[in-house]
$ cat structure03.txt   # compact mmCIF, C-alpha atoms
# COMPACT_ATOMS: atom_id res chain seq x y z
CA MET A 1 91.22 13.93 89.08
CA ASP A 2 87.93 14.61 90.81
CA ARG A 3 85.35 13.86 88.15
CA ARG A 4 82.70 15.81 90.01
CA LYS A 5 84.49 19.06 89.28
CA THR A 6 83.51 21.13 86.29
CA LYS A 7 85.96 20.42 83.50
CA LYS A 8 87.29 22.97 81.06
CA LEU A 9 88.59 21.10 78.05
CA CYS A 10 89.97 24.12 76.25
CA ASN A 11 89.05 27.73 75.65
CA GLU A 12 86.45 26.68 73.20
CA VAL A 13 84.87 23.66 74.81
CA TYR A 14 83.23 23.39 78.20
CA GLU A 15 81.73 20.38 79.93
CA SER A 16 80.05 19.83 83.25
CA ARG A 17 77.82 17.39 85.03
CA ILE A 18 74.55 19.21 85.62
CA GLU A 19 74.63 18.67 89.38
CA ASP A 20 77.95 20.58 89.46
CA PHE A 21 77.00 23.15 86.86
CA ASP A 22 78.01 26.73 87.58
CA PHE A 23 77.67 29.72 85.26
CA VAL A 24 80.76 31.48 86.66
CA PRO A 25 83.43 29.23 85.06
CA LEU A 26 81.33 28.90 81.89
CA PHE A 27 81.12 32.69 81.47
CA ALA A 28 84.87 32.90 82.21
CA ALA A 29 85.55 30.36 79.43
CA ILE A 30 83.40 32.40 77.03
CA ASN A 31 85.34 35.56 77.93
CA ILE A 32 88.64 33.80 77.24
CA PHE A 33 87.32 32.68 73.85
CA CYS A 34 86.14 36.22 73.02
CA ASP A 35 89.47 37.79 74.07
CA LYS A 36 91.48 35.19 72.18
CA HIS A 37 89.60 35.88 68.95
CA GLY A 38 89.24 39.64 69.43
CA LEU A 39 85.44 39.59 69.40
CA ALA A 40 83.71 42.93 69.98
CA GLN A 41 81.63 43.53 73.10
CA PRO A 42 78.19 43.22 71.40
CA THR A 43 79.18 39.77 70.08
CA ALA A 44 80.42 38.71 73.51
CA PHE A 45 77.09 39.95 74.93
CA ASP A 46 75.15 37.83 72.44
CA ILE A 47 77.19 34.68 73.15
CA HIS A 48 76.63 35.11 76.89
CA LEU A 49 72.91 35.66 76.32
CA VAL A 50 72.40 32.64 74.06
CA VAL A 51 74.40 30.30 76.30
CA GLU A 52 72.71 31.54 79.50
CA GLU A 53 69.19 31.20 78.11
CA VAL A 54 69.70 27.74 76.64
CA LEU A 55 71.51 26.39 79.71
CA THR A 56 68.92 27.86 82.08
CA ASN A 57 66.27 26.07 80.05
CA ILE A 58 68.12 22.73 80.13
CA ILE A 59 68.69 22.92 83.89
CA ARG A 60 65.16 24.11 84.68
CA HIS A 61 63.21 21.83 82.36
CA GLY A 62 65.45 19.03 81.13
CA ALA A 63 67.50 17.89 84.07
CA GLY A 64 64.70 17.30 86.57
CA LYS A 65 64.97 17.47 90.35
CA LYS A 66 67.87 15.03 90.51
CA ARG A 67 69.85 17.21 88.10
CA LYS A 68 71.14 14.17 86.23
CA GLY A 69 73.06 14.54 83.02
CA THR A 70 75.91 16.38 81.36
CA VAL A 71 76.07 19.60 79.38
CA ARG A 72 78.68 20.56 76.82
CA VAL A 73 79.26 23.94 75.21
CA SER A 74 81.60 24.53 72.31
CA LEU A 75 82.37 27.76 70.52
CA CYS A 76 84.01 28.14 67.14
CA LEU A 77 84.80 31.20 65.12
CA GLN A 78 84.25 30.44 61.45
CA ASP A 79 84.32 33.11 58.78
CA ALA A 80 82.27 35.96 60.24
CA ASN A 81 80.20 33.71 62.48
CA VAL A 82 80.39 32.28 65.94
CA ARG A 83 79.03 28.75 66.02
CA ILE A 84 77.71 27.74 69.41
CA LYS A 85 76.98 24.09 70.00
CA ILE A 86 75.17 23.18 73.20
CA SER A 87 74.61 19.50 73.95
CA ASP A 88 72.95 17.75 76.86
CA ASN A 89 71.93 14.19 77.57
CA THR A 90 68.83 14.99 79.60
CA LYS A 91 65.38 14.04 78.31
CA ALA A 92 64.63 14.70 74.65
CA PHE A 93 63.39 18.24 74.26
CA ASP A 94 63.41 20.64 71.34
CA PRO A 95 63.61 24.18 72.77
CA LEU A 96 62.57 25.54 69.38
CA SER A 97 59.14 24.04 70.03
CA ILE A 98 58.54 26.50 72.90
CA LYS A 99 55.81 28.90 71.89
CA SER A 100 57.07 32.44 71.38
CA PRO A 101 55.50 35.09 73.60
CA ASP A 102 53.15 37.63 72.07
CA ILE A 103 55.34 40.71 72.42
CA PHE A 104 52.46 43.04 71.49
CA GLN A 105 50.24 41.83 74.31
CA ASP A 106 48.96 44.16 77.01
CA ILE A 107 51.24 44.22 80.06
CA ASN A 108 48.59 42.68 82.30
CA LYS A 109 48.40 39.63 80.06
CA ARG A 110 52.13 39.27 79.61
CA ASN A 111 54.00 36.64 81.54
CA PRO A 112 57.73 36.05 81.33
CA GLY A 113 57.50 32.48 80.01
CA GLY A 114 59.30 31.74 76.76
CA LEU A 115 61.26 34.99 76.72
CA GLY A 116 64.65 33.31 76.99
CA ILE A 117 64.38 31.02 73.95
CA PHE A 118 62.62 33.83 72.06
CA LEU A 119 65.71 36.00 72.62
CA VAL A 120 67.95 33.15 71.42
CA LYS A 121 65.92 32.87 68.20
CA LYS A 122 66.05 36.63 67.67
CA LYS A 123 69.83 36.76 68.10
CA SER A 124 70.56 33.77 65.84
CA LYS A 125 71.30 33.83 62.12
CA THR A 126 70.53 30.12 62.02
CA ILE A 127 69.50 27.67 64.72
CA SER A 128 68.95 23.92 64.55
CA TYR A 129 68.02 21.14 66.94
CA GLN A 130 68.56 17.41 66.71
CA ARG A 131 68.32 14.45 69.04
CA LEU A 132 71.23 12.12 68.38
CA HIS A 133 72.32 9.05 70.37
CA GLY A 134 70.59 10.27 73.52
CA TRP A 135 71.83 13.87 73.22
CA ASN A 136 69.92 17.07 72.56
CA ILE A 137 72.13 19.10 70.24
CA LEU A 138 71.40 22.76 69.61
CA GLU A 139 73.57 24.55 67.06
CA ILE A 140 73.38 28.32 66.79
CA ARG A 141 75.14 30.65 64.41
CA LEU A 142 75.63 34.30 65.41
CA ALA A 143 77.13 37.18 63.48
CA ALA A 144 80.65 37.84 64.79
CA ILE A 145 81.94 41.39 64.98
CA LEU A 146 85.65 41.76 65.60
CA GLN A 147 86.98 44.59 67.79
CA LYS A 148 88.74 46.29 64.87
CA GLU A 149 85.52 46.24 62.83
CA LYS A 150 83.54 47.94 65.54
CA LYS A 151 82.55 51.48 64.64
CA MET B 1 75.90 43.32 90.20
CA GLU B 2 75.88 46.43 92.36
CA ILE B 3 72.66 48.23 93.26
CA LYS B 4 72.76 51.79 94.57
CA ARG B 5 69.56 53.18 95.97
CA ASN B 6 68.54 56.70 96.82
CA ARG B 7 65.39 58.75 97.22
CA GLN B 8 64.57 62.18 96.00
CA GLU B 9 61.15 63.69 96.60
CA GLN B 10 58.60 61.08 95.48
CA ASN B 11 61.08 59.04 93.46
CA THR B 12 63.25 56.06 94.27
CA PHE B 13 66.36 55.80 92.10
CA LEU B 14 68.05 52.44 91.60
CA SER B 15 71.40 52.49 89.81
CA LEU B 16 72.48 49.07 88.59
CA SER B 17 75.97 48.14 87.50
CA GLY B 18 77.52 44.90 86.31
CA ARG B 19 75.38 42.00 85.12
CA LEU B 20 71.66 41.39 85.60
CA ASP B 21 71.37 37.69 84.87
CA THR B 22 70.10 34.41 86.26
CA MET B 23 72.68 34.60 89.08
CA THR B 24 71.95 38.18 90.15
CA SER B 25 68.30 38.89 89.30
CA ASN B 26 67.18 37.76 92.77
CA GLU B 27 69.26 40.56 94.31
CA LEU B 28 67.25 43.11 92.35
CA ALA B 29 63.97 41.35 93.15
CA SER B 30 64.86 41.47 96.87
CA THR B 31 65.80 45.15 96.72
CA LEU B 32 62.51 45.92 94.99
CA SER B 33 60.57 43.98 97.62
CA GLU B 34 62.22 46.17 100.28
CA VAL B 35 61.45 49.33 98.32
CA PHE B 36 57.79 48.32 97.92
CA GLU B 37 57.50 47.33 101.58
CA GLU B 38 58.60 50.81 102.59
CA GLY B 39 55.82 52.31 100.51
CA PHE B 40 55.27 52.72 96.82
CA GLU B 41 56.91 55.58 94.96
CA ASN B 42 57.81 56.36 91.40
CA LEU B 43 60.78 54.25 90.31
CA VAL B 44 63.73 55.23 88.13
CA PHE B 45 66.26 52.61 87.07
CA ASP B 46 69.61 53.99 85.95
CA LEU B 47 71.25 51.28 83.83
CA SER B 48 74.24 53.32 82.64
CA GLY B 49 76.57 50.99 84.54
CA LEU B 50 74.81 47.80 83.45
CA ASP B 51 76.84 45.69 81.02
CA TYR B 52 74.46 42.78 80.51
CA ILE B 53 70.86 41.66 80.88
CA SER B 54 69.12 38.35 80.17
CA SER B 55 65.50 37.20 80.41
CA ALA B 56 65.99 36.69 84.16
CA GLY B 57 66.42 40.47 84.46
CA LEU B 58 63.47 41.17 82.17
CA ARG B 59 61.23 39.15 84.50
CA VAL B 60 62.09 41.46 87.40
CA PHE B 61 61.34 44.59 85.35
CA LEU B 62 58.02 43.12 84.14
CA SER B 63 56.98 42.30 87.70
CA ALA B 64 58.01 45.77 88.96
CA GLN B 65 56.11 47.54 86.17
CA LYS B 66 52.93 45.55 86.96
CA LYS B 67 53.15 46.54 90.65
CA ILE B 68 53.85 50.18 89.79
CA ASN B 69 50.87 50.24 87.38
CA ALA B 70 48.61 48.74 90.03
CA GLU B 71 49.55 51.65 92.34
CA GLY B 72 49.02 54.26 89.62
CA LEU B 73 52.66 55.35 89.78
CA GLN B 74 55.39 55.88 87.20
CA MET B 75 58.46 53.84 86.37
CA LYS B 76 61.19 54.43 83.86
CA VAL B 77 64.50 52.99 82.74
CA VAL B 78 67.32 55.29 81.67
CA GLY B 79 70.90 54.99 80.46
CA SER B 80 70.85 51.51 78.87
CA ASN B 81 73.76 50.66 76.59
CA GLU B 82 72.96 49.56 73.02
CA SER B 83 73.03 45.81 73.71
CA VAL B 84 70.81 46.13 76.77
CA LYS B 85 68.41 48.40 74.88
CA GLU B 86 68.21 45.88 72.06
CA VAL B 87 67.09 43.18 74.51
CA PHE B 88 64.26 45.50 75.68
CA GLU B 89 63.34 46.25 72.07
CA VAL B 90 63.24 42.74 70.59
CA THR B 91 61.13 41.44 73.47
CA GLY B 92 58.57 44.23 73.14
CA PHE B 93 59.43 45.67 76.56
CA THR B 94 59.80 49.13 75.05
CA SER B 95 56.02 49.20 74.59
CA ILE B 96 55.23 48.25 78.21
CA ILE B 97 58.05 50.02 80.07
CA LYS B 98 59.15 53.61 79.57
CA ILE B 99 62.73 53.26 78.34
CA GLU B 100 64.65 56.46 77.63

$ encode --input "structure03.txt" --output "structure tokens"
Amino acid sequence: MDRRKTKKLCNEVYESRIEDFDFVPLFAAINIFCDKHGLAQPTAFDIHLVVEEVLTNIIRHGAGKKRKGTVRVSLCLQDANVRIKISDNTKAFDPLSIKSPDIFQDINKRNPGGLGIFLVKKKSKTISYQRLHGWNILEIRLAAILQKEKK
Amino acid sequence: MEIKRNRQEQNTFLSLSGRLDTMTSNELASTLSEVFEEGFENLVFDLSGLDYISSAGLRVFLSAQKKINAEGLQMKVVGSNESVKEVFEVTGFTSIIKIE
């Protein structure tokens, strides 16, 4: 097996070397998870958003120019929550330490920095970061709406 | 993402469909650069076909609104679905961009 290829471990777990990382198969894996568990469209939207923003941040700021490292994404449906766990072994960095933008600022003073992680925080019921054995581990809990519950 | 563009009087209409994310936001930025190169006009974004937006898309809207303001023109966003509208709301974009 070519180890350079992105590896899909199951519907709920995704792993890739950063140099090979591609959002397309990751989003496809998320869609399979959402279909399998009957998650409503707004929940699927939120999962995509959280995963995209966190991964963009890891690749832009954590991996460096050589794009060294590995990222892992796992999704679990538990009670009425989706638990998203995103791990990477790039340099230690707590994304929760990124300063939130001032959303009331005048447009001329606004810059787009920090918007992604701000959105992740806004969407999350709970969010936690830890650095463990060389891995950054971000765990996010989102409210899960099932298709049959949707009004 | 698909971008349809048409002009009517002093307005340029851009209808977006699909996903506006980190993979596609450059397409919109490029289209806007072309629109601005041809001369500034009022801009209307129709997002009724847009399923998804992330901060990468917000950046493009913020940049466009700043350019439109500098020219003294108008810009508005119409037709967003609930999830897309929520992204505009929680980030405070509803106070800097006209979103109907």

$ closest_residue --input "structure03.txt" --among "A:Val54, A:Leu96, A:Leu77, A:Ile30" --to "chain B" --atoms "all atoms listed in the file"
A:Val54

$ atom_distance --input "structure03.txt" --atom1 "CA of Asp88 (chain A)" --atom2 "CA of Arg72 (chain A)"
6.4 Å

$ closest_residue --input "structure03.txt" --among "A:Val50, A:Leu142, A:Ala28, A:Ala92" --to "chain B" --atoms "all atoms listed in the file"
A:Val50

$ interface_residues --input "structure03.txt" --of "chain A" --to "chain B" --cutoff "6 Å" --atoms "all atoms listed in the file" --output "MDAnalysis selection string"
chainID A and resid 103 107 112 116

$ closest_residue --input "structure03.txt" --among "B:Val44, B:Val77, B:Ile99, B:Ala64" --to "Gln8 (chain B)" --atoms "only C-alpha atoms"
B:Val44

$ closest_residue --input "structure03.txt" --among "B:Leu20, B:Met1, B:Leu14, B:Leu50" --to "Leu32 (chain B)" --atoms "only C-alpha atoms"
B:Leu14

$ atom_distance --input "structure03.txt" --atom1 "CA of Gly62 (chain A)" --atom2 "CA of Phe93 (chain A)"
7.2 Å

$ closest_residue --input "structure03.txt" --among "A:Val51, A:Val120, A:Ile18, A:Leu39" --to "Lys66 (chain A)" --atoms "only C-alpha atoms"
A:Ile18

$ atom_distance --input "structure03.txt" --atom1 "CA of Ile59 (chain A)" --atom2 "CA of Val24 (chain A)"
15.1 Å

$ residues_near_point --input "structure03.txt" --point "(72.0, 52.9, 93.3)" --cutoff "12 Å" --atoms "only C-alpha atoms" --output "list in words"
Met1, Glu2, Ile3, Lys4, Arg5, Asn6, Arg7, Thr12, Phe13, Leu14, Ser15, Leu16, Ser17, Gly18, Leu28, Thr31, Leu32, Leu43, Val44, Phe45, Asp46, Leu47, Ser48, Gly49 and Leu50 of chain B

$ write_last_selection --input "structure03.txt" --atoms "C-alpha atoms" --output "JSON list (two decimals), in the frame of the given file"
[["chain", "number", "residue", "atom", "x", "y", "z"],
["B", 1, "MET", "CA", 75.90, 43.32, 90.20],
["B", 2, "GLU", "CA", 75.88, 46.43, 92.36],
["B", 3, "ILE", "CA", 72.66, 48.23, 93.26],
["B", 4, "LYS", "CA", 72.76, 51.79, 94.57],
["B", 5, "ARG", "CA", 69.56, 53.18, 95.97],
["B", 6, "ASN", "CA", 68.54, 56.70, 96.82],
["B", 7, "ARG", "CA", 65.39, 58.75, 97.22],
["B", 12, "THR", "CA", 63.25, 56.06, 94.27],
["B", 13, "PHE", "CA", 66.36, 55.80, 92.10],
["B", 14, "LEU", "CA", 68.05, 52.44, 91.60],
["B", 15, "SER", "CA", 71.40, 52.49, 89.81],
["B", 16, "LEU", "CA", 72.48, 49.07, 88.59],
["B", 17, "SER", "CA", 75.97, 48.14, 87.50],
["B", 18, "GLY", "CA", 77.52, 44.90, 86.31],
["B", 28, "LEU", "CA", 67.25, 43.11, 92.35],
["B", 31, "THR", "CA", 65.80, 45.15, 96.72],
["B", 32, "LEU", "CA", 62.51, 45.92, 94.99],
["B", 43, "LEU", "CA", 60.78, 54.25, 90.31],
["B", 44, "VAL", "CA", 63.73, 55.23, 88.13],
["B", 45, "PHE", "CA", 66.26, 52.61, 87.07],
["B", 46, "ASP", "CA", 69.61, 53.99, 85.95],
["B", 47, "LEU", "CA", 71.25, 51.28, 83.83],
["B", 48, "SER", "CA", 74.24, 53.32, 82.64],
["B", 49, "GLY", "CA", 76.57, 50.99, 84.54],
["B", 50, "LEU", "CA", 74.81, 47.80, 83.45]]

$ axis_aligned_box --input "structure03.txt" --around "region 31-50 of chain A" --padding-each-side "4 Å" --output "lines of an AutoDock Vina configuration file"
center_x = 81.9
center_y = 38.1
center_z = 73.4
size_x = 27.1
size_y = 18.9
size_z = 17.0

$ residues_around --input "structure03.txt" --residues "Val82 (chain A)" --least-positions-apart "4" --cutoff "12 Å" --atoms "only C-alpha atoms" --output "count of residues only"
31

$ decode --input "structure03.txt" --residues "region 4-129 of chain A" --atoms "C-alpha atoms" --output "compact mmCIF listing (two decimals), in the first residue's frame"
# COMPACT_ATOMS: atom_id res chain seq x y z
CA ARG A 4 1.75 8.56 0.79
CA LYS A 5 -1.91 8.24 -0.14
CA THR A 6 -4.56 9.68 2.11
CA LYS A 7 -5.98 6.88 4.21
CA LYS A 8 -9.60 6.51 5.19
CA LEU A 9 -9.75 4.23 8.20
CA CYS A 10 -13.51 4.08 8.42
CA ASN A 11 -16.48 6.36 7.96
CA GLU A 12 -15.73 8.00 11.23
CA VAL A 13 -11.97 8.31 11.23
CA TYR A 14 -9.76 10.04 8.71
CA GLU A 15 -5.99 10.29 8.58
CA SER A 16 -3.55 11.93 6.22
CA ARG A 17 0.01 13.10 6.04
CA ILE A 18 -0.14 16.87 5.76
CA GLU A 19 1.86 16.97 2.53
CA ASP A 20 -0.85 14.79 0.92
CA PHE A 21 -3.77 16.46 2.64
CA ASP A 22 -6.82 17.14 0.50
CA PHE A 23 -10.19 18.47 1.67
CA VAL A 24 -12.14 16.57 -1.02
CA PRO A 25 -11.84 13.05 0.48
CA LEU A 26 -12.18 14.47 4.00
CA PHE A 27 -15.46 16.21 3.15
CA ALA A 28 -16.62 13.00 1.40
CA ALA A 29 -15.89 11.02 4.59
CA ILE A 30 -17.87 13.57 6.64
CA ASN A 31 -20.82 13.25 4.23
CA ILE A 32 -20.76 9.46 4.57
CA PHE A 33 -20.80 9.82 8.37
CA CYS A 34 -23.71 12.28 8.22
CA ASP A 35 -25.73 10.07 5.85
CA LYS A 36 -25.03 6.96 7.90
CA HIS A 37 -26.32 8.59 11.08
CA GLY A 38 -29.15 10.56 9.46
CA LEU A 39 -27.82 13.96 10.52
CA ALA A 40 -29.78 16.98 9.31
CA GLN A 41 -28.26 19.44 6.85
CA PRO A 42 -27.52 22.23 9.40
CA THR A 43 -25.53 19.74 11.51
CA ALA A 44 -23.62 18.54 8.45
CA PHE A 45 -22.92 22.21 7.64
CA ASP A 46 -21.51 22.80 11.12
CA ILE A 47 -19.28 19.71 11.01
CA HIS A 48 -17.87 20.79 7.64
CA LEU A 49 -17.29 24.31 8.96
CA VAL A 50 -15.53 23.25 12.17
CA VAL A 51 -13.32 20.70 10.41
CA GLU A 52 -12.43 23.08 7.56
CA GLU A 53 -11.52 25.97 9.86
CA VAL A 54 -9.40 23.88 12.23
CA LEU A 55 -7.60 22.01 9.44
CA THR A 56 -6.95 25.22 7.50
CA ASN A 57 -5.38 26.63 10.64
CA ILE A 58 -3.18 23.57 11.22
CA ILE A 59 -1.96 23.53 7.61
CA ARG A 60 -1.41 27.29 7.43
CA HIS A 61 0.19 27.83 10.83
CA GLY A 62 1.25 24.51 12.30
CA ALA A 63 2.74 22.49 9.49
CA GLY A 64 5.26 25.03 8.18
CA LYS A 65 6.60 25.26 4.64
CA LYS A 66 7.73 21.63 4.56
CA ARG A 67 4.20 20.52 5.46
CA LYS A 68 5.52 17.88 7.84
CA GLY A 69 3.20 15.96 10.09
CA THR A 70 -0.02 14.00 10.20
CA VAL A 71 -3.62 15.00 10.85
CA ARG A 72 -6.40 12.79 12.13
CA VAL A 73 -10.11 13.52 12.27
CA SER A 74 -12.62 11.35 14.06
CA LEU A 75 -16.35 11.84 14.36
CA CYS A 76 -18.66 10.17 16.84
CA LEU A 77 -22.35 10.54 17.41
CA GLN A 78 -23.07 10.32 21.12
CA ASP A 79 -26.45 11.09 22.60
CA ALA A 80 -27.52 14.31 20.86
CA ASN A 81 -23.98 15.45 20.16
CA VAL A 82 -21.39 15.05 17.48
CA ARG A 83 -17.93 14.79 18.97
CA ILE A 84 -15.20 15.90 16.62
CA LYS A 85 -11.64 15.08 17.53
CA ILE A 86 -8.91 16.67 15.43
CA SER A 87 -5.31 15.70 16.16
CA ASP A 88 -2.05 16.76 14.58
CA ASN A 89 1.60 16.25 15.43
CA THR A 90 2.84 19.59 14.15
CA LYS A 91 4.29 22.16 16.55
CA ALA A 92 2.45 22.73 19.83
CA PHE A 93 -0.25 25.30 19.30
CA ASP A 94 -3.50 25.98 21.11
CA PRO A 95 -5.94 27.45 18.56
CA LEU A 96 -8.15 28.60 21.43
CA SER A 97 -5.43 31.13 22.27
CA ILE A 98 -6.09 33.01 19.00
CA LYS A 99 -7.58 36.38 19.82
CA SER A 100 -11.21 36.68 18.74
CA PRO A 101 -11.95 39.45 16.25
CA ASP A 102 -13.92 42.48 17.39
CA ILE A 103 -17.12 41.85 15.43
CA PHE A 104 -18.47 45.32 16.24
CA GLN A 105 -15.50 47.10 14.71
CA ASP A 106 -15.88 49.53 11.82
CA ILE A 107 -15.44 47.82 8.45
CA ASN A 108 -12.29 49.80 7.66
CA LYS A 109 -10.61 48.45 10.77
CA ARG A 110 -11.78 44.89 10.30
CA ASN A 111 -9.40 42.30 8.96
CA PRO A 112 -10.29 38.67 8.36
CA GLY A 113 -7.76 37.23 10.83
CA GLY A 114 -9.13 34.95 13.53
CA LEU A 115 -12.55 34.56 11.94
CA GLY A 116 -12.19 30.82 11.37
CA ILE A 117 -11.45 29.78 14.95
CA PHE A 118 -14.00 32.35 16.17
CA LEU A 119 -16.65 30.54 14.10
CA VAL A 120 -15.53 27.19 15.55
CA LYS A 121 -15.95 28.56 19.09
CA LYS A 122 -19.38 29.98 18.25
CA LYS A 123 -20.60 26.68 16.82
CA SER A 124 -19.30 24.52 19.67
CA LYS A 125 -21.16 23.48 22.81
CA THR A 126 -17.82 22.59 24.37
CA ILE A 127 -14.28 22.77 23.06
CA SER A 128 -11.01 21.67 24.64
CA TYR A 129 -7.36 21.58 23.68
